[in-house]
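Source file: protein.cif (mmCIF, C-alpha atoms)
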data_model
#
loop_
_atom_site.label_atom_id
_atom_site.label_comp_id
_atom_site.auth_asym_id
_atom_site.auth_seq_id
_atom_site.Cartn_x
_atom_site.Cartn_y
_atom_site.Cartn_z
CA MET A 220 32.48 -18.61 -5.66
CA LEU A 221 31.10 -18.97 -2.13
CA SER A 222 34.60 -18.97 -0.66
CA GLU A 223 35.57 -15.84 -2.60
CA HIS A 224 32.56 -13.71 -1.63
CA PRO A 225 31.13 -13.34 1.89
CA VAL A 226 27.61 -12.67 0.60
CA VAL A 227 26.28 -14.31 -2.57
CA LEU A 228 22.75 -14.07 -3.94
CA PHE A 229 21.71 -16.51 -6.65
CA MET A 230 18.82 -14.78 -8.41
CA LYS A 231 16.93 -14.36 -11.66
CA GLY A 232 18.26 -11.29 -13.47
CA SER A 233 20.48 -8.63 -11.95
CA PRO A 234 20.05 -6.17 -9.05
CA ASP A 235 19.28 -3.43 -11.58
CA ALA A 236 16.85 -5.61 -13.52
CA PRO A 237 15.49 -8.52 -11.46
CA ARG A 238 13.41 -10.91 -13.55
CA CYS A 239 11.05 -12.23 -10.89
CA GLY A 240 9.22 -10.69 -7.95
CA PHE A 241 11.01 -12.84 -5.38
CA SER A 242 14.44 -11.80 -6.68
CA ALA A 243 13.29 -8.16 -6.67
CA LYS A 244 12.26 -8.50 -3.02
CA ALA A 245 15.64 -10.01 -2.08
CA VAL A 246 17.75 -7.34 -3.79
CA GLY A 247 15.50 -4.63 -2.37
CA ILE A 248 16.31 -5.85 1.13
CA LEU A 249 20.02 -6.47 0.60
CA GLY A 250 20.53 -3.22 -1.27
CA GLY A 251 19.22 -1.29 1.70
CA MET A 252 21.63 -3.00 4.10
CA LEU A 253 24.89 -3.68 2.25
CA ASP A 254 27.16 -1.48 0.14
CA SER A 255 28.05 -4.45 -2.05
CA TYR A 256 27.41 -8.16 -2.43
CA HIS A 257 27.94 -10.72 -5.17
CA THR A 258 25.07 -11.85 -7.39
CA VAL A 259 24.72 -14.68 -9.90
CA ASP A 260 22.05 -14.64 -12.61
CA VAL A 261 20.93 -18.27 -12.77
CA LEU A 262 19.09 -17.61 -16.04
CA GLU A 263 22.45 -17.24 -17.76
CA ASP A 264 23.80 -20.61 -16.59
CA ALA A 265 21.52 -23.65 -16.61
CA GLU A 266 24.14 -25.77 -14.84
CA ILE A 267 24.32 -23.39 -11.88
CA ARG A 268 20.54 -22.94 -11.87
CA GLU A 269 20.00 -26.66 -11.37
CA GLY A 270 23.19 -27.30 -9.40
CA ILE A 271 22.45 -24.91 -6.54
CA LYS A 272 19.13 -26.66 -5.93
CA ILE A 273 21.06 -29.87 -5.28
CA TYR A 274 23.98 -28.21 -3.49
CA GLY A 275 21.82 -26.49 -0.89
CA SER A 276 18.82 -28.85 -0.95
CA TRP A 277 16.71 -25.78 -1.68
CA PRO A 278 14.34 -26.03 -4.67
CA THR A 279 13.70 -22.38 -5.51
CA VAL A 280 15.48 -19.18 -6.51
CA PRO A 281 16.60 -16.74 -5.13
CA GLN A 282 19.03 -18.26 -2.65
CA LEU A 283 21.17 -16.22 -0.25
CA TYR A 284 24.50 -17.54 1.04
CA VAL A 285 26.45 -15.81 3.82
CA SER A 286 29.96 -17.02 4.69
CA GLY A 287 29.34 -20.09 2.53
CA GLU A 288 26.18 -21.10 4.38
CA LEU A 289 22.69 -21.13 2.88
CA VAL A 290 20.35 -18.63 4.54
CA GLY A 291 17.27 -19.21 2.40
CA GLY A 292 14.97 -17.58 -0.13
CA SER A 293 13.18 -14.24 -0.26
CA ASP A 294 10.54 -15.06 2.37
CA ILE A 295 13.20 -16.13 4.89
CA ILE A 296 15.31 -13.07 4.06
CA GLU A 297 12.29 -10.83 4.69
CA SER A 298 11.40 -12.64 7.91
CA MET A 299 14.97 -12.33 9.21
CA LEU A 300 15.00 -8.65 8.26
CA ASN A 301 11.83 -7.95 10.24
CA SER A 302 13.03 -9.91 13.28
CA GLY A 303 16.45 -8.21 13.28
CA GLU A 304 18.30 -11.49 12.69
CA LEU A 305 19.59 -10.35 9.31
CA HIS A 306 21.26 -7.31 10.85
CA GLY A 307 23.02 -9.56 13.34
CA LEU A 308 24.11 -11.91 10.56
CA PHE A 309 25.75 -9.00 8.71
CA GLY A 310 27.24 -7.51 11.89
CA LEU A 311 25.06 -4.41 11.69
CA ALA A 312 23.49 -2.46 14.51
CA ALA A 313 19.96 -3.36 15.55
CA PRO A 314 17.41 -1.81 13.19
CA ASP A 315 15.36 1.28 14.00
CA ARG A 316 11.81 0.06 14.63
CA THR A 317 10.26 3.49 15.18
CA PRO A 318 6.85 3.49 13.43
CA PRO A 319 6.71 5.97 10.56
CA VAL A 320 4.29 8.89 10.73
CA ILE A 321 1.58 8.27 8.12
CA THR A 322 -1.33 10.63 7.45
CA ILE A 323 -4.66 9.41 6.13
CA ALA A 324 -7.22 11.94 4.85
CA PRO A 325 -10.78 11.54 6.27
CA ALA A 326 -12.30 10.33 2.98
CA ALA A 327 -9.52 7.80 2.52
CA ALA A 328 -9.89 6.61 6.12
CA GLN A 329 -13.61 6.09 5.60
CA ALA A 330 -12.97 4.01 2.46
CA ILE A 331 -10.36 1.90 4.25
CA ARG A 332 -12.65 1.24 7.21
CA GLN A 333 -15.43 0.19 4.86
CA ALA A 334 -13.10 -2.20 3.02
CA MET A 335 -11.99 -3.71 6.33
CA SER A 336 -15.46 -4.00 7.87
CA ASP A 337 -15.69 -7.76 7.38
CA VAL A 338 -12.01 -8.70 7.67
CA GLU A 339 -11.50 -11.83 9.76
CA ASP A 340 -9.42 -11.93 12.92
CA GLY A 341 -5.67 -12.17 12.38
CA VAL A 342 -5.76 -10.26 9.09
CA GLY A 343 -4.54 -6.67 8.92
CA LEU A 344 -3.88 -3.79 6.57
CA HIS A 345 -0.32 -3.95 5.24
CA MET A 346 1.58 -1.32 3.28
CA SER A 347 4.62 -2.24 1.21
CA VAL A 348 7.00 0.31 -0.28
CA ASP A 349 9.51 -1.09 -2.77
CA PRO A 350 13.02 0.31 -3.45
CA ARG A 351 11.55 2.57 -6.15
CA PHE A 352 9.06 3.95 -3.62
CA ASN A 353 6.04 2.36 -5.26
CA ALA A 354 3.55 1.82 -2.44
CA GLN A 355 0.53 -0.42 -2.20
CA PHE A 356 -1.92 -1.72 0.37
CA ALA A 357 -2.92 -5.34 0.92
CA LEU A 358 -5.01 -7.29 3.40
CA LYS A 359 -3.08 -10.29 4.66
CA PRO A 360 -2.32 -12.23 7.86
CA ILE A 361 -0.44 -10.46 10.64
CA GLU A 362 2.87 -12.20 11.38
CA GLY A 363 3.69 -10.30 14.56
CA THR A 364 7.10 -8.97 13.48
CA GLU A 365 5.73 -6.01 11.54
CA ILE A 366 6.18 -2.38 12.51
CA VAL A 367 2.74 -0.91 13.20
CA SER A 368 1.85 2.68 12.46
CA GLU A 369 -1.53 4.09 13.49
CA ALA A 370 -3.33 6.89 11.65
CA ASP A 371 -6.89 8.02 12.34
CA GLY A 372 -7.50 4.83 14.29
CA ILE A 373 -6.31 2.61 11.42
CA ARG A 374 -3.42 0.26 12.11
CA ILE A 375 -0.99 -0.12 9.21
CA HIS A 376 1.49 -3.02 9.27
CA LEU A 377 4.84 -2.57 7.51
CA ASP A 378 7.92 -4.68 7.03
CA LEU A 379 11.16 -3.11 8.22
CA ALA A 380 12.32 -1.96 4.77
CA SER A 381 8.95 -0.44 3.91
CA ALA A 382 8.74 1.38 7.25
CA ALA A 383 11.93 3.31 6.52
CA ARG A 384 10.61 4.31 3.09
CA ALA A 385 7.14 5.25 4.36
CA ARG A 386 8.05 8.10 6.71
CA GLY A 387 5.77 11.05 6.02
CA VAL A 388 3.50 9.21 3.57
CA GLU A 389 0.13 10.83 2.94
CA VAL A 390 -2.89 8.77 1.86
CA GLU A 391 -5.72 10.58 0.09
CA TRP A 392 -8.94 9.72 -1.70
CA VAL A 393 -9.04 11.04 -5.28
CA GLU A 394 -11.81 11.22 -7.85
CA ASN A 395 -11.13 12.05 -11.48
CA ALA A 396 -12.06 11.04 -15.02
CA ARG A 397 -10.31 7.70 -14.58
CA GLY A 398 -12.33 6.82 -11.50
CA SER A 399 -11.84 7.04 -7.75
CA GLY A 400 -9.53 5.39 -5.27
CA LEU A 401 -6.69 5.75 -2.80
CA ALA A 402 -3.67 7.83 -3.77
CA ILE A 403 -0.40 7.52 -1.86
CA ARG A 404 2.02 10.46 -1.87
CA ASN A 405 5.51 9.62 -0.68
CA PRO A 406 7.80 12.61 0.02
CA ASN A 407 10.82 10.27 0.04
CA ALA A 408 10.41 9.35 -3.63
CA PRO A 409 12.72 11.02 -6.14
CA PRO A 410 11.12 14.01 -7.94
CA ALA A 411 9.26 13.30 -11.19
CA VAL A 412 11.08 13.28 -14.51
CA GLN A 413 11.15 16.82 -15.94
CA SER A 414 10.86 17.90 -19.57
CA ILE A 415 13.54 20.00 -21.24
CA ASP A 416 13.48 21.45 -24.75
CA VAL A 417 16.48 21.41 -27.06
CA ALA A 418 17.22 25.13 -26.65
CA ALA A 419 17.47 24.85 -22.87
CA LEU A 420 19.47 21.64 -23.28
CA ALA A 421 22.03 23.39 -25.49
CA GLU A 422 22.48 26.15 -22.90
CA ARG A 423 22.99 23.72 -20.05
CA VAL A 424 25.43 21.54 -22.02
CA ALA A 425 27.43 24.67 -22.90
CA ALA A 426 27.48 25.63 -19.22
CA GLY A 427 28.56 22.12 -18.22
CA SER A 428 25.60 21.80 -15.85
CA ILE A 429 24.03 18.62 -17.23
CA THR A 430 25.05 15.22 -18.61
CA VAL A 431 23.33 14.14 -21.81
CA VAL A 432 22.71 10.41 -22.22
CA ASP A 433 21.92 9.12 -25.73
CA VAL A 434 19.76 5.99 -25.44
CA ARG A 435 19.57 5.22 -29.19
CA GLY A 436 21.14 2.21 -30.82
CA PRO A 437 24.42 2.35 -32.79
CA ASP A 438 22.72 2.72 -36.19
CA SER A 439 20.64 5.71 -35.14
CA ARG A 440 23.59 7.33 -33.40
CA GLY A 441 25.70 6.86 -36.51
CA ALA A 442 23.06 8.30 -38.84
CA ALA A 443 22.39 11.38 -36.70
CA PRO A 444 25.04 11.82 -33.98
CA PHE A 445 24.39 14.16 -31.09
CA PRO A 446 27.05 16.84 -31.70
CA LEU A 447 27.78 17.96 -28.14
CA ALA A 448 29.46 16.21 -25.21
CA HIS A 449 27.37 13.25 -24.09
CA GLN A 450 27.29 9.69 -22.78
CA VAL A 451 25.82 6.61 -24.45
CA LEU A 452 23.51 4.21 -22.63
CA ASP A 453 24.20 0.54 -23.35
CA GLU A 454 24.96 -2.65 -21.44
CA ASP A 455 28.57 -1.63 -20.87
CA SER A 456 27.82 1.87 -19.60
CA HIS A 457 24.69 1.26 -17.55
CA ASP A 458 26.41 0.37 -14.27
CA ARG A 459 28.91 3.22 -14.62
CA LEU A 460 26.12 5.75 -15.14
CA ALA A 461 24.04 4.25 -12.32
CA ALA A 462 27.02 4.76 -9.98
CA LEU A 463 27.05 8.54 -10.54
CA SER A 464 26.01 10.86 -7.73
CA LYS A 465 22.23 10.70 -7.31
CA ASP A 466 22.22 14.52 -7.46
CA ALA A 467 23.88 14.56 -10.91
CA PRO A 468 21.56 16.22 -13.49
CA LEU A 469 20.89 13.78 -16.35
CA ALA A 470 19.11 14.47 -19.66
CA PHE A 471 18.05 11.49 -21.78
CA ILE A 472 17.63 11.79 -25.53
CA CYS A 473 16.38 9.44 -28.27
CA ASN A 474 14.86 9.96 -31.71
CA ARG A 475 11.51 11.46 -30.65
CA GLY A 476 11.44 11.49 -26.84
CA ASN A 477 9.63 8.22 -26.09
CA SER A 478 12.41 5.71 -25.37
CA SER A 479 14.34 8.41 -23.56
CA ARG A 480 11.43 8.98 -21.16
CA GLN A 481 11.45 5.27 -20.28
CA ALA A 482 15.21 5.45 -19.64
CA ALA A 483 14.73 8.60 -17.54
CA GLU A 484 12.09 6.85 -15.42
CA HIS A 485 14.45 3.89 -15.01
CA PHE A 486 17.21 6.10 -13.59
CA ARG A 487 14.70 7.97 -11.45
CA GLY A 488 13.87 4.56 -10.03
CA HIS A 489 17.56 4.22 -9.12
CA GLY A 490 17.23 7.30 -6.92
CA PHE A 491 18.41 10.06 -9.28
CA ARG A 492 16.69 13.28 -8.27
CA ASP A 493 17.39 15.65 -11.18
CA VAL A 494 16.31 13.78 -14.31
CA PHE A 495 15.15 15.24 -17.62
CA ASN A 496 13.64 13.94 -20.84
CA VAL A 497 14.55 15.82 -24.03
CA GLU A 498 11.19 16.55 -25.64
CA GLY A 499 11.13 15.82 -29.36
CA GLY A 500 14.51 14.09 -29.18
CA MET A 501 16.96 14.28 -32.04
CA GLU A 502 14.20 15.27 -34.48
CA ALA A 503 13.66 18.46 -32.48
CA TRP A 504 17.42 18.99 -32.19
CA THR A 505 17.92 18.66 -35.95
CA SER A 506 15.05 21.06 -36.67
CA ARG A 507 16.57 23.58 -34.28
CA SER A 508 19.97 23.31 -35.97
CA ILE A 509 18.41 24.05 -39.35
#
Will you turn the file into C-alpha cells for me?
Amino acid sequence: MLSEHPVVLFMKGSPDAPRCGFSAKAVGILGGMLDSYHTVDVLEDAEIREGIKIYGSWPTVPQLYVSGELVGGSDIIESMLNSGELHGLFGLAAPDRTPPVITIAPAAAQAIRQAMSDVEDGVGLHMSVDPRFNAQFALKPIEGTEIVSEADGIRIHLDLASAARARGVEVEWVENARGSGLAIRNPNAPPAVQSIDVAALAERVAAGSITVVDVRGPDSRGAAPFPLAHQVLDEDSHDRLAALSKDAPLAFICNRGNSSRQAAEHFRGHGFRDVFNVEGGMEAWTSRSI
C-alpha cells in the first residue's frame, strides 16, 4: 500500500466522516494542501490497526506516511504545517504567512481583556477555524510558529490553516435570551441552509435549476417515491454527490424535513453554497399533490 500511494494517512473513519478529533485535524490539514491522497480506516481492519503501530514504532493513530516514510501523527503534521516543512515535503510553494485581518467589537475586546487579565507569561489567545469554518478561542501556550493577528491591541495566534480561513472574521459580543458571550462571524463560511417549500421545489425541478436529493431509506422511498428527477443519498452515492461543483444547487428531502436538514448541513460543511431543505418533506409533497 505504501509503495502504491505517495501519501497515505492511516486514520479513524474517513475524510468525510473522521471518527476522532486527531484524525479530523489531520484530514483538515491535508485536504487544504493536496488534491488527493490515500486513506485507510483502521477501525475497519484490526490487523492493520495494530500492525502499523509495530511497523512504524508509533503507538497512536492517525499516522501519515509520505513516500513510504513515517512522518508522524496529527500534532507533528500541524507543527510541520506551521513551520512550512510540510509544504516542502509535498513540493509546494512556501505558505502565505500574511496575518488575516480580524475585527473585534469594543464590547468583545473588553470581555477578552478581562478574561486574559491574569494569564501567565507564555500563554496567548489562540483562534482555530476548522475545515467547516467553525471557529473557537482558547488560551494555551505560544509555540512561536503561529501567525499573529492584532485587533484592538489584542494579539490572536493562529495556525497556518486557520489563518487562511479567518480572513475578514468579525468578533462581537451578543446578549440574548440564551445568555451572553462572544459571537464569531466568518464571511468565508458557506451561506446558511435555506428553506424551500414543495411548490417552489416543483418549479425549480421543472426548470432544471436544482438537484433533489432523497435522504430516506429504501423502505420509505419504495412506499412513497419522489416522482420527479432526483438523486438518492446513501453510502454508494455520497462521494459522487460530494464531488459535484460547490455552486450546484441542492435540495434535500426526507419524510418531514428533519433528517434532510441534517444532510443539508452536512453538505454545507463540505463547502456547498446553495443548499436547501424541503420543509415538510414528502408529507408536504403528498398533501400538495392531493
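Distances from A:Leu358, A:Val280, A:Leu249, A:Val320 to A:Asp337 were compared using all atoms listed in the file, and the smallest one belongs to A:Leu358.
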Tell me which residues the PyMOL selection byres ((chain A and resi 497) around 8) grabs here, as JSON, numbers by chain.
{"A": [414, 415, 416, 417, 420, 470, 471, 472, 473, 476, 479, 495, 496, 498, 499, 500]}
Rank A:Phe309, A:Phe491, A:Phe352, A:Trp392 by their smallest atom-to-atom distance to A:Gln413, using all atoms listed in the file, and report the top residue only.
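Result for the nearest residue to A:Gln413: A:Phe491.
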I'd like to know which of A:Asn474, A:Ser456, A:Ser399, A:Asn301 is closest to A:Ser381, using all atoms listed in the file.
A:Asn301
Selection under test: the PyMOL selection byres ((chain A and resi 341) around 7); residues as a list of chain:residue names
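That selection, the PyMOL selection byres ((chain A and resi 341) around 7), comes back as A:Glu339, A:Asp340, A:Val342, A:Gly343, A:Pro360, A:Ile361.
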I'd like the contact shell of A:Glu263 - 12 Å cut-off, only C-alpha atoms, skipping same-chain residues fewer than 2 positions apart - returned as an mmCIF file with C-alpha atoms, keeping the file's coordinate frame.
data_model
loop_
_atom_site.group_PDB
_atom_site.id
_atom_site.type_symbol
_atom_site.label_atom_id
_atom_site.label_comp_id
_atom_site.auth_asym_id
_atom_site.auth_seq_id
_atom_site.Cartn_x
_atom_site.Cartn_y
_atom_site.Cartn_z
ATOM 1 C CA PHE A 229 21.710 -16.510 -6.650
ATOM 2 C CA MET A 230 18.820 -14.780 -8.410
ATOM 3 C CA LYS A 231 16.930 -14.360 -11.660
ATOM 4 C CA GLY A 232 18.260 -11.290 -13.470
ATOM 5 C CA SER A 233 20.480 -8.630 -11.950
ATOM 6 C CA ARG A 238 13.410 -10.910 -13.550
ATOM 7 C CA THR A 258 25.070 -11.850 -7.390
ATOM 8 C CA VAL A 259 24.720 -14.680 -9.900
ATOM 9 C CA ASP A 260 22.050 -14.640 -12.610
ATOM 10 C CA VAL A 261 20.930 -18.270 -12.770
ATOM 11 C CA ALA A 265 21.520 -23.650 -16.610
ATOM 12 C CA GLU A 266 24.140 -25.770 -14.840
ATOM 13 C CA ILE A 267 24.320 -23.390 -11.880
ATOM 14 C CA ARG A 268 20.540 -22.940 -11.870
ATOM 15 C CA GLU A 269 20.000 -26.660 -11.370
#
Looking at A:Leu377, A:Ile271, A:Leu463, A:Ala421, which one is nearest to A:Pro446, with distances taken over only C-alpha atoms?
A:Ala421
Restricting the calculation to all atoms listed in the file, which member of A:Arg316, A:Arg487, A:Arg384, A:Arg507 is positioned closest to A:Asp349?
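That would be A:Arg384, the residue with the smallest distance to A:Asp349.
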Using only C-alpha atoms, the residue out of A:Tyr284, A:Trp504, A:Tyr274, A:Phe241 with shortest distance to A:Ser222 is A:Tyr284
Report the distance between atom CA of A:Leu379 and atom CA of A:Lys272 in Å, rounded to one decimal place.
28.6 Å
Could you list, as number ranges by chain, every residue matched by the PyMOL selection byres ((chain A and resi 486) around 12) in this structure?
A: 235-236, 351, 409-412, 432, 452, 457-458, 460-471, 479-485, 487-496
(9.1, 11.9, 2.7) in this file's frame - what residues fall within 7 Å of it? Use only C-alpha atoms and give the answer as a list in words.
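Here the neighbourhood of the point contains Arg386, Gly387, Val388, Asn405, Pro406, Asn407 and Ala408 of chain A.
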Using atom CA of A:Ala426 and atom CA of A:Ala448 as the two end points, give the distance in Å to one decimal.
11.3 Å
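Atom to atom, atom CA of A:Lys244 and atom CA of A:Gly287 stand 21.4 Å apart.
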Missing atoms in stretch 240-261 of chain A need filling: write out N, CA and C atoms for it as a compact mmCIF listing (two decimals), in the coordinates of the input.
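Written out: out15.txt:
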# COMPACT_ATOMS: atom_id res chain seq x y z
N GLY A 240 9.57 -11.48 -9.12
CA GLY A 240 9.22 -10.69 -7.95
C GLY A 240 9.98 -11.09 -6.71
N PHE A 241 10.29 -12.38 -6.56
CA PHE A 241 11.01 -12.84 -5.38
C PHE A 241 12.45 -12.33 -5.39
N SER A 242 13.08 -12.34 -6.58
CA SER A 242 14.44 -11.80 -6.68
C SER A 242 14.43 -10.29 -6.41
N ALA A 243 13.39 -9.60 -6.91
CA ALA A 243 13.29 -8.16 -6.67
C ALA A 243 13.18 -7.87 -5.18
N LYS A 244 12.40 -8.69 -4.47
CA LYS A 244 12.26 -8.50 -3.02
C LYS A 244 13.61 -8.69 -2.33
N ALA A 245 14.35 -9.72 -2.72
CA ALA A 245 15.64 -10.01 -2.08
C ALA A 245 16.64 -8.88 -2.29
N VAL A 246 16.78 -8.40 -3.53
CA VAL A 246 17.75 -7.34 -3.79
C VAL A 246 17.30 -6.03 -3.16
N GLY A 247 15.99 -5.83 -3.04
CA GLY A 247 15.50 -4.63 -2.37
C GLY A 247 15.92 -4.60 -0.91
N ILE A 248 15.90 -5.76 -0.27
CA ILE A 248 16.31 -5.85 1.13
C ILE A 248 17.82 -5.71 1.27
N LEU A 249 18.56 -6.49 0.48
CA LEU A 249 20.02 -6.47 0.60
C LEU A 249 20.60 -5.13 0.20
N GLY A 250 20.02 -4.52 -0.83
CA GLY A 250 20.53 -3.22 -1.27
C GLY A 250 20.39 -2.13 -0.23
N GLY A 251 19.40 -2.27 0.65
CA GLY A 251 19.22 -1.29 1.70
C GLY A 251 20.11 -1.52 2.91
N MET A 252 20.82 -2.66 2.93
CA MET A 252 21.63 -3.00 4.10
C MET A 252 23.13 -3.03 3.80
N LEU A 253 23.49 -3.45 2.58
CA LEU A 253 24.89 -3.68 2.25
C LEU A 253 25.35 -2.76 1.13
N ASP A 254 26.59 -2.30 1.21
CA ASP A 254 27.16 -1.48 0.14
C ASP A 254 27.42 -2.32 -1.11
N SER A 255 27.78 -3.58 -0.91
CA SER A 255 28.05 -4.45 -2.05
C SER A 255 27.87 -5.90 -1.64
N TYR A 256 27.52 -6.71 -2.61
CA TYR A 256 27.41 -8.16 -2.43
C TYR A 256 27.45 -8.78 -3.82
N HIS A 257 27.77 -10.05 -3.88
CA HIS A 257 27.94 -10.72 -5.17
C HIS A 257 26.62 -11.36 -5.60
N THR A 258 26.28 -11.22 -6.87
CA THR A 258 25.07 -11.85 -7.39
C THR A 258 25.41 -12.74 -8.58
N VAL A 259 24.58 -13.75 -8.77
CA VAL A 259 24.72 -14.68 -9.90
C VAL A 259 23.35 -14.80 -10.56
N ASP A 260 23.29 -14.49 -11.85
CA ASP A 260 22.05 -14.64 -12.61
C ASP A 260 21.93 -16.08 -13.07
N VAL A 261 21.04 -16.84 -12.45
CA VAL A 261 20.93 -18.27 -12.77
C VAL A 261 20.32 -18.49 -14.15
